[in-house]
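As structure tokens, the structure follows; a few thoughts come after it.
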Amino acid sequence: MMQPDFSPDMLKRFLRLRVDMMARISFPSHGRSAEKAARAELRECCHVSRQEFWDAWQGLLKNGRTRARIWTALWVDPAEFNILLTDDGGQEVRDAS
């Protein structure tokens, strides 16, 4: 079975895709202001600080708990895959039992 990738780089990619989608759907004029508003809305849904969100946006967020919180706000819960995100930016498979 293939193991999902919850790396900081993959989180960065998902965040950028989600913000782009939100900007296109929710805000009539696509552009910098629409992207900024979508990022702010998503950050609030994630319940993370501006710095934590910025680090995730740049692919630099290492903290496992914060990354898991953001992934969950993106409707992808690493725990459902028995994966624990580690503070070095990595992940480990947890025993399902």
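Following the order of the structure tokens, chains are lettered A, B, ..., residues in each are numbered from 1, and ligands are numbered from 1.
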Residue set, region 2-97 of chain A restricted to alpha helix (DSSP H), as number ranges by chain
A: 8-26, 32-46, 50-57, 64-73
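Summary of the local environment: counting only C-alpha atoms, residues at most 8 Å from region 35-41 of chain A, other than itself and those fewer than 6 positions away along its chain, are Val19, Asp20, Met22 and Ala23 of chain A.
A straight line drawn from CA of Gln58 (chain A) to CA of Trp71 (chain A) is 14.9 Å long.
From CA of Lys62 (chain A) back to CA of Met10 (chain A), the distance works out to 12.1 Å.
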For region 74-88 of chain A: contacts at 12 Å, only C-alpha atoms, fewer than 3 positions along chain excluded, given as a PyMOL selection string:
chain A and resi 1-8+11-19+22+42-43+45-47+60-71+91-97
Using only C-alpha atoms, can you tell me which of A:Asp9, A:Thr72, A:Ala34, A:Met21 comes closest to Ala56 (chain A)?
A:Asp9
